[in-house]
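Colleague: Shown below is the structure under consideration.
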Amino acid sequence: MKPSNRILSGVQPSGDLHLGNYLGALKNFVSLQKEYECFFCVVDLHAITVWQDPKQLANQTREVTAAFIAAGIDPKKNILFAQSQVPQHAQLAWIFNCVTRMGWLNRMTQFKDKAGKDKENVSVGLFSYPTLMAADILIYLATHVPVGEDQKQHLELTRDIAQKFNNDFETNLFPIPKPLIFGEATRVMSLRDGTTKMSKSDASHYSRIMLNDSPDQIVQKIKKAKTDPFPLPANLTEAKQRPEAFNLLSILAALKDQSTSEVVQLYAGKEFSIFKKELADLIVDKIEPIEKEIKKLLNDQAYLDSIMTDGKNKAMAEADSVIEKVYSVIGFLKA
């Protein structure tokens with residue numbers, strides 16, 4: 001029987017996680033586990049579409065797993081694993097490479113953004129990344145996928161691939177997964193530039209709040225966060241025209257589980273100094289316990305690895321049954 005309420009989502013092991021990862025992904029995952037059967041993976045296969053230091057990759061994979069748990073994801077209730085530990089992801093990705101049309105991938109704007117003018121020299125993996133993402137989702141017959149603004153197009157492609165496979169092979173094997181798009185601060189912007197996404201690769205450490213920042217570092221970064229010379233916006237329309245103000249207001253709204261409109265009304269006309277102090281205190285309240293728990297978990301590598309091994313075994317059992325059906329539908333001989 002097909003699942004009716006199943007989620008697959010993942011986070012790349014690209015080093016320390018920041019506030020954008022927490023608000024855009026981890027915080028939402030915690031709430032989703034109450035309603036959905038959840039598969040959460042560290043997408044290390046996606047990470048190597050650009051060069052990764054082999055000495056760091058395993059540690060970074062554990063760091064993300066620790067962050068999942070520290071943020072509130074229950075490893076007994078959900079399936080946590082590393083993508084590369086379940087080979088069926090790559091098996092299905094190759095099949096989807098043969099289903100997907102070149103024109104579909106050529107339209108992917110994220111590839112154009114990441115490759116820039118040097119697209120002839122980037123890896124083939126960066127170009128075909130969306131077919132692996134589709135395999136990640138569909139190998140578990142996931143019905144829903146939490147997505148940010150920058151992943152909407154990839155999920156649309158996943159839906160197209162599922163539909164084409166079903167049509168080509170006259171089957172209804174794959175569900176057409178639905179997006180779950182969250183409200184406030186799904187796209188957290190840089191503290192130094194409200195028009196660019198918060199990123200670990202930004203040259204300025206003051207552009208982001210890291211999940212392992214100390215309370216003093218968080219307070220200092222919020223104090224230095226770029227604003228404009230005016231009081232806080234009087235209404236949401238004005239806030240949207242002032243990117244740095246809108247970003248900070250959205251962050252506070254997400255942390256409080258309120259709408260940005262409500263927060264704008266609460267702080268309308270106030271000075272940024274008052275607002276920033278309250279925002280910094282709130283971030284410290286939310287992040288400090290996570291930071292402490294991540295450290296504690298990373299000191300128990302055997303425990304983290306046991307969680308991932310258990311998750312891998314459960315994920316492989318699910319994925320294996322699906323790949324068997326895929327092979328049968330295609331006409332491959334049984335192994």
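Chain lettering (A, B, ...) mirrors the order of the structure tokens, residue numbering begins at 1 for each chain separately, and ligand numbering begins at 1 in order of display.
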Considering only C-alpha atoms, tabulate each residue of segment 112-152 of chain A that lies at most 10 Å from segment 318-330 of chain A along with its nearest interatomic pair and the corresponding distance in Å to one decimal; arrange the rows by chain and ascending residue number and present them as a Markdown table.

Modeller:
```
| residue | atom | partner | partner_atom | distance |
| --- | --- | --- | --- | --- |
| A:Asp136 | CA | A:Ala319 | CA | 9.6 |
| A:Leu138 | CA | A:Val322 | CA | 8.7 |
| A:Ile139 | CA | A:Ala319 | CA | 5.4 |
| A:Tyr140 | CA | A:Ala319 | CA | 5.8 |
| A:Leu141 | CA | A:Val322 | CA | 7.9 |
```

Colleague: Would you save the residues of that selection, restricted to C-alpha atoms, as a JSON list (two decimals), in the first residue's frame?

Modeller:
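Contents of result05.json, freshly written:
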```json
[["chain", "number", "residue", "atom", "x", "y", "z"],
["A", 136, "ASP", "CA", 15.66, 11.07, -3.34],
["A", 138, "LEU", "CA", 10.44, 9.18, -5.21],
["A", 139, "ILE", "CA", 12.53, 6.24, -3.97],
["A", 140, "TYR", "CA", 10.41, 6.51, -0.79],
["A", 141, "LEU", "CA", 7.18, 7.30, -2.64]]
```

Colleague: Run DSSP on the backbone and give me the residues of segment 151-317 of chain A it puts in alpha helix (DSSP H), as a ChimeraX atom specification.

Modeller: /A:152-168,215-224,236-240,243-256,260-267,272-298,301-317

Colleague: My list of candidates is A:Ile137, A:Ile218, A:Leu232, A:Ala280. Which is closest to Val263 of chain A when distances are computed with only C-alpha atoms?

Modeller: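 For Val263 of chain A, the nearest of the given residues is A:Leu232.
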
Colleague: So the first atom is atom CA of His205 of chain A and the second is atom CA of Ser9 of chain A; what is the distance between them in Å, to one decimal place?

Modeller: 27.5 Å

Colleague: Considering only C-alpha atoms, return as a VMD selection string whatever protein or nucleic-acid residues lie within 9 Å of Lys223 of chain A, sequence-local ones (same chain, fewer than 3 positions apart) excluded.

Modeller: chain A and resid 218 to 220 226 273 276 to 277 280

Colleague: DSSP on the backbone: what in segment 95-234 of chain A comes out strand (DSSP E), as a ChimeraX atom specification?

Modeller: /A:144-146,178-180

Colleague: Could you check which of A:Leu191, A:Ala58, A:Ile222, A:Cys41 is closest to Ile283 of chain A, using only C-alpha atoms?

Modeller: A:Ile222

Colleague: I'd like the interatomic distance between atom CA of Gln110 of chain A and atom CA of His144 of chain A, to a tenth of an Å.

Modeller: 21.3 Å

Colleague: Name the closest residue to Ile79 of chain A among the candidates A:Leu8, A:Ala245, A:Met210, A:Ala239; distances are taken between atoms, counting only C-alpha atoms.

Modeller: A:Leu8

Colleague: Between A:Leu155, A:Ala71, A:Val264, A:Ile209, which residue has the minimum interatomic distance to Leu297 of chain A, considering only C-alpha atoms?

Modeller: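 Among the listed residues, the smallest separation from Leu297 of chain A belongs to A:Ala71.
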
Colleague: Which residues are near Ala134 of chain A? Cut-off 9 Å, only C-alpha atoms, ignore same chain within fewer than 6 positions. Put them as a compact mmCIF listing (two decimals) with all heavy atoms, in the first residue's frame.

Modeller:
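out-v3.txt, freshly written:
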```txt
# COMPACT_ATOMS: atom_id res chain seq x y z
N LEU A 92 18.16 4.87 -8.86
CA LEU A 92 16.97 5.49 -9.44
C LEU A 92 17.32 6.77 -10.18
O LEU A 92 16.69 7.10 -11.20
CB LEU A 92 15.93 5.77 -8.34
CG LEU A 92 14.56 6.26 -8.83
CD1 LEU A 92 13.92 5.25 -9.79
CD2 LEU A 92 13.63 6.52 -7.65
N ALA A 93 18.35 7.49 -9.71
CA ALA A 93 18.76 8.72 -10.39
C ALA A 93 19.20 8.43 -11.82
O ALA A 93 18.89 9.20 -12.74
CB ALA A 93 19.89 9.40 -9.61
N PHE A 96 16.16 7.93 -13.89
CA PHE A 96 15.52 9.22 -14.15
C PHE A 96 16.32 10.07 -15.13
O PHE A 96 15.75 10.88 -15.87
CB PHE A 96 15.31 9.98 -12.84
CG PHE A 96 14.17 9.45 -12.01
CD1 PHE A 96 14.00 9.87 -10.69
CD2 PHE A 96 13.25 8.55 -12.52
CE1 PHE A 96 12.94 9.40 -9.92
CE2 PHE A 96 12.19 8.06 -11.76
CZ PHE A 96 12.04 8.49 -10.46
N HIS A 154 12.70 22.72 -8.78
CA HIS A 154 13.17 21.33 -8.74
C HIS A 154 12.02 20.38 -8.40
O HIS A 154 11.95 19.26 -8.94
CB HIS A 154 14.29 21.18 -7.71
CG HIS A 154 15.60 21.75 -8.16
ND1 HIS A 154 16.67 21.87 -7.33
CD2 HIS A 154 15.99 22.23 -9.37
CE1 HIS A 154 17.68 22.40 -8.00
NE2 HIS A 154 17.28 22.63 -9.23
N LEU A 155 11.13 20.79 -7.52
CA LEU A 155 10.00 19.92 -7.18
C LEU A 155 9.06 19.80 -8.37
O LEU A 155 8.51 18.72 -8.63
CB LEU A 155 9.25 20.42 -5.95
CG LEU A 155 8.10 19.51 -5.51
CD1 LEU A 155 8.59 18.10 -5.20
CD2 LEU A 155 7.37 20.09 -4.32
N LEU A 157 9.98 19.78 -11.41
CA LEU A 157 10.64 18.80 -12.28
C LEU A 157 10.41 17.39 -11.76
O LEU A 157 10.16 16.47 -12.54
CB LEU A 157 12.14 19.10 -12.37
CG LEU A 157 12.92 18.13 -13.27
CD1 LEU A 157 12.55 18.33 -14.73
CD2 LEU A 157 14.42 18.30 -13.09
N THR A 158 10.50 17.20 -10.45
CA THR A 158 10.23 15.89 -9.85
C THR A 158 8.83 15.41 -10.22
O THR A 158 8.63 14.23 -10.57
CB THR A 158 10.37 15.96 -8.31
OG1 THR A 158 11.71 16.31 -7.98
CG2 THR A 158 10.01 14.64 -7.65
N ARG A 159 7.88 16.30 -10.14
CA ARG A 159 6.50 15.95 -10.50
C ARG A 159 6.41 15.56 -11.98
O ARG A 159 5.73 14.59 -12.34
CB ARG A 159 5.57 17.13 -10.20
CG ARG A 159 5.38 17.38 -8.70
CD ARG A 159 4.80 18.76 -8.42
NE ARG A 159 3.51 18.96 -9.06
CZ ARG A 159 2.34 18.62 -8.54
NH1 ARG A 159 2.28 18.06 -7.34
NH2 ARG A 159 1.21 18.84 -9.20
N ILE A 161 8.87 14.32 -13.82
CA ILE A 161 9.56 13.04 -14.00
C ILE A 161 8.66 11.88 -13.54
O ILE A 161 8.54 10.86 -14.23
CB ILE A 161 10.89 13.03 -13.21
CG1 ILE A 161 11.90 13.99 -13.86
CG2 ILE A 161 11.48 11.61 -13.14
CD1 ILE A 161 13.15 14.24 -13.03
N ALA A 162 8.01 12.05 -12.39
CA ALA A 162 7.09 11.01 -11.90
C ALA A 162 5.98 10.75 -12.90
O ALA A 162 5.64 9.59 -13.20
CB ALA A 162 6.52 11.42 -10.54
```

Colleague: If we count only C-alpha atoms and set the cut-off at 8 Å, which residues sit around Gln60 of chain A, ignoring sequence neighbours fewer than 6 positions away in its own chain? Please answer as a ChimeraX atom specification.

Modeller: /A:13-16
